[in-house]
>>> print(open('entry_13.cif').read())   # mmCIF, C-alpha atoms
data_entry
#
loop_
_atom_site.label_atom_id
_atom_site.label_comp_id
_atom_site.auth_asym_id
_atom_site.auth_seq_id
_atom_site.Cartn_x
_atom_site.Cartn_y
_atom_site.Cartn_z
CA MET A 1 -3.27 7.11 -21.10
CA LEU A 2 -4.31 8.24 -17.60
CA LYS A 3 -7.85 9.06 -18.75
CA ASN A 4 -8.24 5.59 -20.28
CA ALA A 5 -6.79 4.03 -17.14
CA MET A 6 -9.50 5.76 -15.08
CA LYS A 7 -12.18 4.32 -17.40
CA LEU A 8 -10.67 0.85 -17.06
CA LEU A 9 -10.58 1.11 -13.27
CA TYR A 10 -14.25 2.11 -13.04
CA SER A 11 -15.23 -0.58 -15.53
CA GLU A 12 -13.67 -3.26 -13.31
CA TYR A 13 -15.28 -1.71 -10.21
CA GLU A 14 -18.77 -1.61 -11.78
CA LYS A 15 -18.44 -5.18 -13.05
CA CYS A 16 -17.54 -6.27 -9.52
CA LEU A 17 -20.52 -4.43 -8.00
CA SER A 18 -22.90 -6.04 -10.47
CA ILE A 19 -21.77 -9.48 -9.29
CA VAL A 20 -21.58 -8.93 -5.50
CA LYS A 21 -24.61 -6.59 -5.32
CA ASN A 22 -26.38 -8.73 -2.69
CA SER A 23 -23.50 -8.73 -0.21
CA GLU A 24 -23.06 -5.63 1.94
CA PHE A 25 -19.54 -6.70 2.99
CA HIS A 26 -18.30 -7.24 -0.57
CA ILE A 27 -19.90 -3.99 -1.76
CA GLN A 28 -18.09 -2.14 1.04
CA TYR A 29 -14.85 -3.88 0.13
CA ALA A 30 -15.19 -2.82 -3.53
CA GLU A 31 -16.12 0.74 -2.54
CA GLU A 32 -13.04 0.94 -0.34
CA LYS A 33 -10.83 -0.25 -3.19
CA ILE A 34 -12.07 2.32 -5.71
CA HIS A 35 -11.81 5.01 -3.03
CA HIS A 36 -8.34 3.77 -2.11
CA SER A 37 -7.15 3.75 -5.74
CA LEU A 38 -8.09 7.42 -6.11
CA GLN A 39 -6.37 8.28 -2.83
CA VAL A 40 -3.24 6.42 -3.94
CA LEU A 41 -3.22 8.52 -7.10
CA GLY A 42 -3.54 11.64 -4.94
CA ALA A 43 -0.59 10.59 -2.79
CA GLY A 44 1.35 9.66 -5.92
CA ASN A 45 0.67 13.11 -7.39
CA TYR A 46 2.06 14.72 -4.23
CA ILE A 47 5.22 12.60 -4.31
CA ILE A 48 5.78 13.27 -8.03
CA LYS A 49 5.30 17.01 -7.52
CA HIS A 50 7.78 17.21 -4.62
CA GLU A 51 10.47 14.71 -5.64
CA LYS A 52 13.22 16.16 -7.83
CA TRP A 53 13.80 12.85 -9.63
CA PHE A 54 10.30 12.96 -11.16
CA GLN A 55 10.53 16.69 -11.91
CA ASN A 56 13.44 15.90 -14.22
CA HIS A 57 11.22 13.73 -16.44
CA GLY A 58 8.81 14.68 -19.22
CA GLN A 59 5.02 14.63 -19.15
CA GLU A 60 4.75 11.37 -21.10
CA PHE A 61 6.73 9.52 -18.45
CA ILE A 62 4.82 11.25 -15.63
CA ASP A 63 1.50 10.13 -17.14
CA LEU A 64 2.83 6.58 -17.40
CA ALA A 65 3.94 6.66 -13.75
CA LYS A 66 0.54 7.99 -12.65
CA THR A 67 -1.19 5.29 -14.69
CA ALA A 68 0.83 2.60 -12.88
CA VAL A 69 -0.14 4.15 -9.55
CA LEU A 70 -3.84 4.36 -10.41
CA LEU A 71 -4.02 0.78 -11.69
CA HIS A 72 -1.91 -0.83 -8.97
CA ASP A 73 -5.00 -2.55 -7.49
CA ILE A 74 -6.79 -3.28 -10.78
CA ALA A 75 -7.08 -6.98 -9.86
CA ARG A 76 -8.58 -6.28 -6.43
CA PHE A 77 -12.05 -6.34 -7.95
CA GLU A 78 -11.37 -9.77 -9.40
CA GLU A 79 -10.13 -10.79 -5.95
CA ILE A 80 -13.35 -9.54 -4.33
CA ILE A 81 -15.44 -11.53 -6.82
CA GLY A 82 -13.34 -14.57 -5.92
CA LEU A 83 -13.97 -14.02 -2.22
CA TRP A 84 -17.69 -13.75 -2.94
CA ASN A 85 -17.54 -16.99 -4.96
CA LYS A 86 -15.40 -18.62 -2.27
CA THR A 87 -12.67 -19.52 -4.77
CA PRO A 88 -8.95 -19.62 -3.80
CA ARG A 89 -7.54 -16.16 -3.10
CA ILE A 90 -5.42 -14.65 -5.84
CA ASP A 91 -2.26 -12.55 -5.59
CA HIS A 92 -3.78 -9.29 -6.85
CA GLY A 93 -0.39 -7.81 -7.77
CA VAL A 94 0.64 -10.75 -9.94
CA VAL A 95 -2.81 -11.04 -11.54
CA GLY A 96 -3.01 -7.28 -12.09
CA GLY A 97 0.41 -7.11 -13.71
CA GLU A 98 -0.47 -9.98 -16.04
CA LYS A 99 -3.86 -8.47 -16.87
CA LEU A 100 -2.23 -5.22 -17.96
CA ARG A 101 0.52 -7.05 -19.85
CA ASN A 102 -2.22 -8.43 -22.10
CA MET A 103 -3.53 -4.93 -22.91
CA PRO A 104 -1.36 -3.20 -25.56
CA GLU A 105 -1.83 0.27 -24.05
CA TYR A 106 -0.42 -0.82 -20.67
CA ASN A 107 2.05 -3.51 -21.76
CA ASP A 108 5.08 -1.62 -20.49
CA ILE A 109 7.50 -3.11 -17.97
CA ARG A 110 7.46 0.20 -16.10
CA ILE A 111 3.78 -0.47 -15.37
CA THR A 112 3.49 -4.25 -15.17
CA LEU A 113 6.55 -5.16 -13.09
CA PRO A 114 6.04 -2.59 -10.28
CA ILE A 115 2.36 -3.57 -10.05
CA LYS A 116 3.26 -7.26 -9.93
CA HIS A 117 5.41 -6.79 -6.83
CA HIS A 118 3.90 -3.74 -5.10
CA GLY A 119 2.41 -5.86 -2.30
CA HIS A 120 5.37 -8.21 -1.85
CA ILE A 121 8.47 -7.82 0.26
CA LYS A 122 10.78 -5.70 -1.89
CA GLU A 123 13.36 -8.47 -2.23
CA LYS A 124 10.96 -10.31 -4.57
CA PHE A 125 11.04 -7.38 -6.97
CA TYR A 126 14.83 -7.27 -7.05
CA GLU A 127 15.04 -11.04 -7.51
CA ASP A 128 12.54 -11.12 -10.39
CA GLU A 129 14.13 -12.51 -13.57
CA GLU A 130 12.42 -9.85 -15.65
CA TYR A 131 13.98 -7.09 -13.54
CA LEU A 132 17.41 -8.76 -13.60
CA ALA A 133 17.21 -9.06 -17.38
CA ILE A 134 16.90 -5.28 -17.89
CA LYS A 135 20.14 -4.19 -19.55
CA ASP A 136 19.32 -0.52 -20.08
CA ASN A 137 20.27 1.43 -16.93
CA LYS A 138 17.79 4.23 -17.64
CA LEU A 139 14.91 1.78 -18.00
CA ARG A 140 15.94 -0.07 -14.85
CA ASP A 141 16.04 3.24 -12.95
CA GLU A 142 12.56 4.18 -14.17
CA VAL A 143 11.09 0.78 -13.27
CA GLU A 144 12.60 0.99 -9.79
CA HIS A 145 11.38 4.54 -9.10
CA ILE A 146 7.83 3.67 -10.18
CA PHE A 147 7.99 0.60 -7.92
CA TRP A 148 8.96 2.84 -4.99
CA LEU A 149 6.30 5.38 -5.97
CA ILE A 150 3.47 2.82 -5.97
CA ARG A 151 4.56 1.31 -2.67
CA ASP A 152 4.84 4.69 -0.94
CA ALA A 153 1.58 6.11 -2.31
CA ASP A 154 -0.21 2.86 -1.40
CA LYS A 155 1.01 3.02 2.20
CA VAL A 156 0.27 6.72 2.65
CA ALA A 157 -3.27 6.24 1.33
CA ASN A 158 -3.87 3.29 3.65
CA PHE A 159 -2.58 5.28 6.63
CA ASN A 160 -4.98 8.06 5.66
CA ILE A 161 -8.01 5.74 5.47
CA VAL A 162 -7.18 4.07 8.79
CA CYS A 163 -6.73 7.44 10.52
CA TYR A 164 -9.47 9.55 8.98
CA GLU A 165 -12.12 7.05 7.87
CA THR A 166 -11.80 4.65 10.77
CA GLU A 167 -15.47 3.98 11.42
CA LYS A 168 -16.24 3.20 7.79
CA TYR A 169 -13.27 1.04 6.83
CA MET A 170 -11.39 -0.16 9.94
CA SER A 171 -13.00 -3.60 9.87
CA LEU A 172 -11.21 -4.23 6.56
CA PHE A 173 -7.83 -3.64 8.20
CA VAL A 174 -8.16 -4.97 11.76
CA PRO A 175 -10.35 -8.01 12.50
CA ASN A 176 -13.32 -7.23 14.79
CA PRO A 177 -12.15 -3.68 15.61
CA ASP A 178 -15.08 -3.12 17.97
CA GLN A 179 -14.38 -6.27 19.98
CA THR A 180 -11.38 -5.90 22.25
CA PRO A 181 -11.25 -8.67 24.89
CA SER A 182 -8.26 -8.70 27.24
CA SER A 183 -6.28 -11.13 25.06
CA GLU A 184 -6.45 -8.64 22.20
CA PHE A 185 -4.56 -6.01 24.22
CA LYS A 186 -1.25 -7.78 23.72
CA ILE A 187 1.39 -7.52 21.04
CA SER A 188 3.08 -10.81 20.19
CA PRO A 189 6.82 -10.86 21.05
CA LYS A 190 7.86 -11.80 17.50
CA VAL A 191 5.88 -8.85 16.12
CA ILE A 192 7.76 -6.49 18.44
CA GLU A 193 11.02 -8.18 17.46
CA ASP A 194 10.41 -7.52 13.75
CA PHE A 195 9.30 -3.97 14.50
CA LYS A 196 12.42 -3.12 16.52
CA LYS A 197 14.56 -4.37 13.63
CA HIS A 198 12.85 -1.70 11.52
CA LYS A 199 11.27 -4.36 9.34
CA THR A 200 7.79 -4.49 7.91
CA VAL A 201 6.25 -7.06 10.21
CA ASP A 202 5.64 -10.49 8.69
CA TYR A 203 1.87 -10.88 8.25
CA ASN A 204 2.09 -14.51 9.35
CA LEU A 205 3.14 -13.40 12.83
CA ARG A 206 -0.12 -11.56 13.54
CA GLN A 207 -2.33 -13.11 16.22
CA THR A 208 -4.17 -10.22 17.89
CA ALA A 209 -5.81 -6.96 16.85
CA ALA A 210 -2.82 -5.18 18.39
CA ASP A 211 -0.52 -7.19 16.11
CA HIS A 212 -2.53 -6.14 13.07
CA SER A 213 -2.41 -2.48 14.10
CA LEU A 214 1.36 -2.47 14.74
CA THR A 215 1.97 -4.31 11.48
CA PHE A 216 0.39 -1.43 9.58
CA ILE A 217 2.51 1.05 11.53
CA SER A 218 5.64 -0.90 10.57
CA TRP A 219 5.04 0.22 6.98
CA PHE A 220 6.70 3.51 7.92
CA PHE A 221 9.99 1.60 7.81
CA ASP A 222 9.40 0.77 4.15
CA LEU A 223 8.93 4.31 2.80
CA ASN A 224 11.32 5.37 0.06
CA TYR A 225 10.78 9.08 -0.64
CA LYS A 226 11.29 12.10 1.57
CA ALA A 227 8.09 13.54 0.09
CA SER A 228 6.16 10.51 1.37
CA VAL A 229 7.35 11.16 4.91
CA ALA A 230 6.57 14.87 4.54
CA PHE A 231 3.04 13.98 3.42
CA CYS A 232 2.59 11.71 6.45
CA ARG A 233 3.75 14.49 8.75
CA LYS A 234 1.52 17.01 7.02
CA LEU A 235 -1.53 14.82 7.71
CA ASN A 236 -0.32 13.95 11.24
CA LEU A 237 -0.50 10.26 10.30
CA ILE A 238 2.32 9.06 12.56
CA LYS A 239 0.63 10.33 15.73
CA LEU A 240 -2.81 9.18 14.59
CA MET A 241 -1.62 5.65 13.78
CA PHE A 242 -0.24 5.30 17.32
CA ASP A 243 -3.42 6.82 18.77
CA GLY A 244 -5.23 4.01 16.96
CA LEU A 245 -2.88 1.40 18.42
CA GLN A 246 -4.07 2.40 21.91
CA ASN A 247 -7.48 0.97 21.06
CA TYR A 248 -5.90 -2.49 20.97
CA HIS A 249 -2.89 -2.14 23.23
CA ASN A 250 -3.03 -0.37 26.59
CA ASP A 251 0.67 -0.41 27.55
CA LYS A 252 1.38 3.31 27.22
CA VAL A 253 5.08 2.96 28.01
CA LEU A 254 5.66 0.41 25.26
CA ASN A 255 3.48 2.36 22.85
CA ASN A 256 5.55 5.50 23.43
CA ASN A 257 8.80 3.55 22.99
CA LEU A 258 7.57 2.15 19.68
CA LYS A 259 6.47 5.62 18.59
CA GLU A 260 9.95 6.96 19.36
CA GLU A 261 11.41 4.10 17.34
CA VAL A 262 9.50 5.27 14.26
CA ALA A 263 10.25 8.96 14.87
CA LYS A 264 14.00 8.35 15.15
CA PHE A 265 14.04 6.10 12.10
CA LEU A 266 12.31 8.69 9.92
CA GLU A 267 14.46 11.53 11.27
CA ASN A 268 17.67 9.60 10.58
CA ASN A 269 16.70 8.37 7.13
CA PHE A 270 14.75 11.31 5.70
CA LYS A 271 16.54 14.47 6.82
#
>>> encode(input="entry_13.cif", output="structure tokens")
Amino acid sequence: MLKNAMKLLYSEYEKCLSIVKNSEFHIQYAEEKIHHSLQVLGAGNYIIKHEKWFQNHGQEFIDLAKTAVLLHDIARFEEIIGLWNKTPRIDHGVVGGEKLRNMPEYNDIRITLPIKHHGHIKEKFYEDEEYLAIKDNKLRDEVEHIFWLIRDADKVANFNIVCYETEKYMSLFVPNPDQTPSSEFKISPKVIEDFKKHKTVDYNLRQTAADHSLTFISWFFDLNYKASVAFCRKLNLIKLMFDGLQNYHNDKVLNNNLKEEVAKFLENNFK
């Protein structure tokens, strides 16, 4: 299953490239997404290897979980084509889940439902009628753990790209990263308010480059597995994400306070 999933992913990527081949921006966007998908699988492999819950499951289930992780952004290439065509933006999670539902090999609720909601606030997953209709406790547990796995691996991989491949991909995460006028050195009060509540910051609140940067950092509050936090610490991602924030926000006192907020949260919740 995983081998076929890799073929499907590259097929969608190559189809996208063939359509947007005259646009440097869209080519870069597609390249980042294939690169990101492989990194998400790498992070997912680490979490699976180090989390006892996954170790208690057989290889068939592990391959299914890895397939869901690898294909979580399968509709991103369709989204990029839409951006190139200037058509209305799609919800890549919803479209991706539906796309896989129509392929017999991947039509499994443990794949389709986590992918559908991996980019949403988690409440949408728990409110989904399909999730609520699951009567089998074992199946519900498996769907939920794969949902957490995709979300964690996705975030860890994005942290890694932002921290270690900044020059190549930062413009896809923070608007105009090389342009930092004085107004961009501020964090909006409502963004700080969300952050201090240990929430993932509402995207609609973002106004400045500093807001965008802190919003990504707020993803630390949404991690689910101890192994995910361990992986972030191993790669020094917490420190590097706040080092990056300094490029857009020069209040060192506030930056340090926010950094402490994350450190304490992770220490208290992932001992």
>>> closest_residue(input="entry_13.cif", among="A:Asn236, A:Val69, A:Trp84, A:Asn204", to="Gly42 of chain A", atoms="only C-alpha atoms")
A:Val69
>>> resolve_selection(input="entry_13.cif", expression="the PyMOL selection byres ((chain A and resi 261-266) around 8)", output="list in words")
Lys196, His198, Phe220, Phe221, Val229, Asn257, Leu258, Lys259, Glu260, Glu267, Asn268, Asn269, Phe270 and Lys271 of chain A
>>> resolve_selection(input="entry_13.cif", expression="the PyMOL selection byres ((chain A and resi 81) around 12)", output="PyMOL selection string")
chain A and resi 12-21+23+25-27+29-30+75-80+82-90+92
>>> write_last_selection(input="entry_13.cif", atoms="C-alpha atoms", output="PDB file, in the frame of the given file")
ATOM      1  CA  GLU A  12     -13.670  -3.260 -13.310  1.00  0.00           C
ATOM      2  CA  TYR A  13     -15.280  -1.710 -10.210  1.00  0.00           C
ATOM      3  CA  GLU A  14     -18.770  -1.610 -11.780  1.00  0.00           C
ATOM      4  CA  LYS A  15     -18.440  -5.180 -13.050  1.00  0.00           C
ATOM      5  CA  CYS A  16     -17.540  -6.270  -9.520  1.00  0.00           C
ATOM      6  CA  LEU A  17     -20.520  -4.430  -8.000  1.00  0.00           C
ATOM      7  CA  SER A  18     -22.900  -6.040 -10.470  1.00  0.00           C
ATOM      8  CA  ILE A  19     -21.770  -9.480  -9.290  1.00  0.00           C
ATOM      9  CA  VAL A  20     -21.580  -8.930  -5.500  1.00  0.00           C
ATOM     10  CA  LYS A  21     -24.610  -6.590  -5.320  1.00  0.00           C
ATOM     11  CA  SER A  23     -23.500  -8.730  -0.210  1.00  0.00           C
ATOM     12  CA  PHE A  25     -19.540  -6.700   2.990  1.00  0.00           C
ATOM     13  CA  HIS A  26     -18.300  -7.240  -0.570  1.00  0.00           C
ATOM     14  CA  ILE A  27     -19.900  -3.990  -1.760  1.00  0.00           C
ATOM     15  CA  TYR A  29     -14.850  -3.880   0.130  1.00  0.00           C
ATOM     16  CA  ALA A  30     -15.190  -2.820  -3.530  1.00  0.00           C
ATOM     17  CA  ALA A  75      -7.080  -6.980  -9.860  1.00  0.00           C
ATOM     18  CA  ARG A  76      -8.580  -6.280  -6.430  1.00  0.00           C
ATOM     19  CA  PHE A  77     -12.050  -6.340  -7.950  1.00  0.00           C
ATOM     20  CA  GLU A  78     -11.370  -9.770  -9.400  1.00  0.00           C
ATOM     21  CA  GLU A  79     -10.130 -10.790  -5.950  1.00  0.00           C
ATOM     22  CA  ILE A  80     -13.350  -9.540  -4.330  1.00  0.00           C
ATOM     23  CA  GLY A  82     -13.340 -14.570  -5.920  1.00  0.00           C
ATOM     24  CA  LEU A  83     -13.970 -14.020  -2.220  1.00  0.00           C
ATOM     25  CA  TRP A  84     -17.690 -13.750  -2.940  1.00  0.00           C
ATOM     26  CA  ASN A  85     -17.540 -16.990  -4.960  1.00  0.00           C
ATOM     27  CA  LYS A  86     -15.400 -18.620  -2.270  1.00  0.00           C
ATOM     28  CA  THR A  87     -12.670 -19.520  -4.770  1.00  0.00           C
ATOM     29  CA  PRO A  88      -8.950 -19.620  -3.800  1.00  0.00           C
ATOM     30  CA  ARG A  89      -7.540 -16.160  -3.100  1.00  0.00           C
ATOM     31  CA  ILE A  90      -5.420 -14.650  -5.840  1.00  0.00           C
ATOM     32  CA  HIS A  92      -3.780  -9.290  -6.850  1.00  0.00           C
TER      33      HIS A  92
END
>>> closest_residue(input="entry_13.cif", among="A:Lys190, A:Lys52, A:His249, A:Lys155", to="Asp202 of chain A", atoms="all atoms listed in the file")
A:Lys190
>>> residues_around(input="entry_13.cif", residues="Ala43 of chain A", least_positions_apart="3", cutoff="6 Å", atoms="all atoms listed in the file", output="list in words")
Val40, Tyr46 and Ala153 of chain A
>>> residues_around(input="entry_13.cif", residues="Asp108 of chain A", least_positions_apart="2", cutoff="12 Å", atoms="only C-alpha atoms", output="CSV table (one decimal) with C-alpha atoms, keeping the file's coordinate frame")
chain,number,residue,atom,x,y,z
A,61,PHE,CA,6.7,9.5,-18.4
A,64,LEU,CA,2.8,6.6,-17.4
A,65,ALA,CA,3.9,6.7,-13.8
A,67,THR,CA,-1.2,5.3,-14.7
A,68,ALA,CA,0.8,2.6,-12.9
A,97,GLY,CA,0.4,-7.1,-13.7
A,98,GLU,CA,-0.5,-10.0,-16.0
A,99,LYS,CA,-3.9,-8.5,-16.9
A,100,LEU,CA,-2.2,-5.2,-18.0
A,101,ARG,CA,0.5,-7.0,-19.8
A,102,ASN,CA,-2.2,-8.4,-22.1
A,103,MET,CA,-3.5,-4.9,-22.9
A,104,PRO,CA,-1.4,-3.2,-25.6
A,105,GLU,CA,-1.8,0.3,-24.0
A,106,TYR,CA,-0.4,-0.8,-20.7
A,110,ARG,CA,7.5,0.2,-16.1
A,111,ILE,CA,3.8,-0.5,-15.4
A,112,THR,CA,3.5,-4.2,-15.2
A,113,LEU,CA,6.6,-5.2,-13.1
A,114,PRO,CA,6.0,-2.6,-10.3
A,115,ILE,CA,2.4,-3.6,-10.0
A,139,LEU,CA,14.9,1.8,-18.0
A,142,GLU,CA,12.6,4.2,-14.2
A,143,VAL,CA,11.1,0.8,-13.3
A,146,ILE,CA,7.8,3.7,-10.2
>>> resolve_selection(input="entry_13.cif", expression="the PyMOL selection byres ((chain A and resi 188) around 10)", output="PyMOL selection string")
chain A and resi 184-187+189-193+205-208+210-211
>>> residues_around(input="entry_13.cif", residues="Ser213 of chain A", least_positions_apart="4", cutoff="9 Å", atoms="only C-alpha atoms", output="ChimeraX atom specification")
/A:173-174,208-209,217-218,241-242,244-245,248
>>> axis_aligned_box(input="entry_13.cif", around="segment 248-254 of chain A", padding_each_side="4 Å", output="JSON")
{"center_x": -0.1, "center_y": 0.4, "center_z": 24.5, "size_x": 19.6, "size_y": 13.8, "size_z": 15.0}
>>> residues_around(input="entry_13.cif", residues="Arg140 of chain A", least_positions_apart="6", cutoff="9 Å", atoms="only C-alpha atoms", output="ChimeraX atom specification")
/A:110,131-132,134
>>> atom_distance(input="entry_13.cif", atom1="atom CA of Asn137 of chain A", atom2="atom CA of Val95 of chain A")
26.8 Å
>>> atom_distance(input="entry_13.cif", atom1="atom CA of Phe231 of chain A", atom2="atom CA of Asp154 of chain A")
12.5 Å
>>> closest_residue(input="entry_13.cif", among="A:Lys124, A:Lys3, A:His36, A:Lys197", to="Val162 of chain A", atoms="only C-alpha atoms")
A:His36
>>> atom_distance(input="entry_13.cif", atom1="atom CA of Asn158 of chain A", atom2="atom CA of Asn255 of chain A")
20.6 Å
>>> closest_residue(input="entry_13.cif", among="A:Ala227, A:Ile161, A:Leu9, A:Ile74", to="Lys49 of chain A", atoms="only C-alpha atoms")
A:Ala227
>>> closest_residue(input="entry_13.cif", among="A:His120, A:His72, A:Leu254, A:Ala133", to="Gly44 of chain A", atoms="all atoms listed in the file")
A:His72
>>> closest_residue(input="entry_13.cif", among="A:Met1, A:Val94, A:Val156, A:Ile62", to="Gln39 of chain A", atoms="all atoms listed in the file")
A:Val156
>>> residues_near_point(input="entry_13.cif", point="(-4.9, 7.6, -13.2)", cutoff="6 Å", atoms="all atoms listed in the file", output="list in words")
Leu2, Ala5, Met6, Lys66, Thr67 and Leu70 of chain A
>>> decode(input="entry_13.cif", residues="segment 198-215 of chain A", atoms="N, CA, C and O atoms", output="mmCIF file, in the first residue's frame")
data_model
loop_
_atom_site.group_PDB
_atom_site.id
_atom_site.type_symbol
_atom_site.label_atom_id
_atom_site.label_comp_id
_atom_site.auth_asym_id
_atom_site.auth_seq_id
_atom_site.Cartn_x
_atom_site.Cartn_y
_atom_site.Cartn_z
ATOM 1 N N HIS A 198 -2.768 29.345 25.167
ATOM 2 C CA HIS A 198 -2.246 28.069 24.668
ATOM 3 C C HIS A 198 -3.135 27.509 23.555
ATOM 4 O O HIS A 198 -3.367 26.311 23.469
ATOM 5 N N LYS A 199 -3.592 28.415 22.695
ATOM 6 C CA LYS A 199 -4.401 28.032 21.553
ATOM 7 C C LYS A 199 -3.567 28.145 20.280
ATOM 8 O O LYS A 199 -2.599 28.907 20.230
ATOM 9 N N THR A 200 -3.924 27.376 19.268
ATOM 10 C CA THR A 200 -3.353 27.650 17.955
ATOM 11 C C THR A 200 -4.026 28.933 17.454
ATOM 12 O O THR A 200 -5.247 29.018 17.418
ATOM 13 N N VAL A 201 -3.222 29.898 17.127
ATOM 14 C CA VAL A 201 -3.735 31.231 16.803
ATOM 15 C C VAL A 201 -4.630 31.179 15.574
ATOM 16 O O VAL A 201 -4.307 30.537 14.563
ATOM 17 N N ASP A 202 -5.755 31.836 15.662
ATOM 18 C CA ASP A 202 -6.710 31.936 14.549
ATOM 19 C C ASP A 202 -6.042 32.656 13.383
ATOM 20 O O ASP A 202 -5.571 33.790 13.515
ATOM 21 N N TYR A 203 -5.987 31.984 12.217
ATOM 22 C CA TYR A 203 -5.344 32.568 11.039
ATOM 23 C C TYR A 203 -5.939 33.920 10.670
ATOM 24 O O TYR A 203 -5.236 34.794 10.136
ATOM 25 N N ASN A 204 -7.210 34.113 10.917
ATOM 26 C CA ASN A 204 -7.881 35.359 10.530
ATOM 27 C C ASN A 204 -7.399 36.559 11.330
ATOM 28 O O ASN A 204 -7.681 37.702 10.962
ATOM 29 N N LEU A 205 -6.678 36.308 12.420
ATOM 30 C CA LEU A 205 -6.187 37.410 13.257
ATOM 31 C C LEU A 205 -4.866 37.978 12.742
ATOM 32 O O LEU A 205 -4.442 39.047 13.171
ATOM 33 N N ARG A 206 -4.218 37.297 11.816
ATOM 34 C CA ARG A 206 -2.881 37.694 11.378
ATOM 35 C C ARG A 206 -2.915 38.969 10.530
ATOM 36 O O ARG A 206 -3.668 39.046 9.576
ATOM 37 N N GLN A 207 -2.082 39.933 10.900
ATOM 38 C CA GLN A 207 -1.990 41.176 10.145
ATOM 39 C C GLN A 207 -0.556 41.497 9.721
ATOM 40 O O GLN A 207 -0.341 42.149 8.712
ATOM 41 N N THR A 208 0.413 41.061 10.490
ATOM 42 C CA THR A 208 1.811 41.394 10.223
ATOM 43 C C THR A 208 2.634 40.122 10.041
ATOM 44 O O THR A 208 2.180 39.007 10.346
ATOM 45 N N ALA A 209 3.862 40.298 9.556
ATOM 46 C CA ALA A 209 4.771 39.155 9.428
ATOM 47 C C ALA A 209 5.036 38.524 10.790
ATOM 48 O O ALA A 209 5.171 37.302 10.905
ATOM 49 N N ALA A 210 5.112 39.356 11.830
ATOM 50 C CA ALA A 210 5.303 38.836 13.189
ATOM 51 C C ALA A 210 4.128 37.960 13.609
ATOM 52 O O ALA A 210 4.307 36.919 14.256
ATOM 53 N N ASP A 211 2.921 38.365 13.244
ATOM 54 C CA ASP A 211 1.730 37.554 13.528
ATOM 55 C C ASP A 211 1.833 36.185 12.859
ATOM 56 O O ASP A 211 1.524 35.161 13.467
ATOM 57 N N HIS A 212 2.235 36.187 11.608
ATOM 58 C CA HIS A 212 2.372 34.927 10.871
ATOM 59 C C HIS A 212 3.391 34.020 11.561
ATOM 60 O O HIS A 212 3.156 32.813 11.734
ATOM 61 N N SER A 213 4.520 34.584 11.952
ATOM 62 C CA SER A 213 5.575 33.803 12.584
ATOM 63 C C SER A 213 5.112 33.210 13.915
ATOM 64 O O SER A 213 5.315 32.024 14.189
ATOM 65 N N LEU A 214 4.444 34.022 14.743
ATOM 66 C CA LEU A 214 3.985 33.532 16.046
ATOM 67 C C LEU A 214 2.853 32.522 15.884
ATOM 68 O O LEU A 214 2.721 31.599 16.700
ATOM 69 N N THR A 215 2.062 32.672 14.852
ATOM 70 C CA THR A 215 0.992 31.705 14.596
ATOM 71 C C THR A 215 1.578 30.317 14.363
ATOM 72 O O THR A 215 1.077 29.322 14.897
#
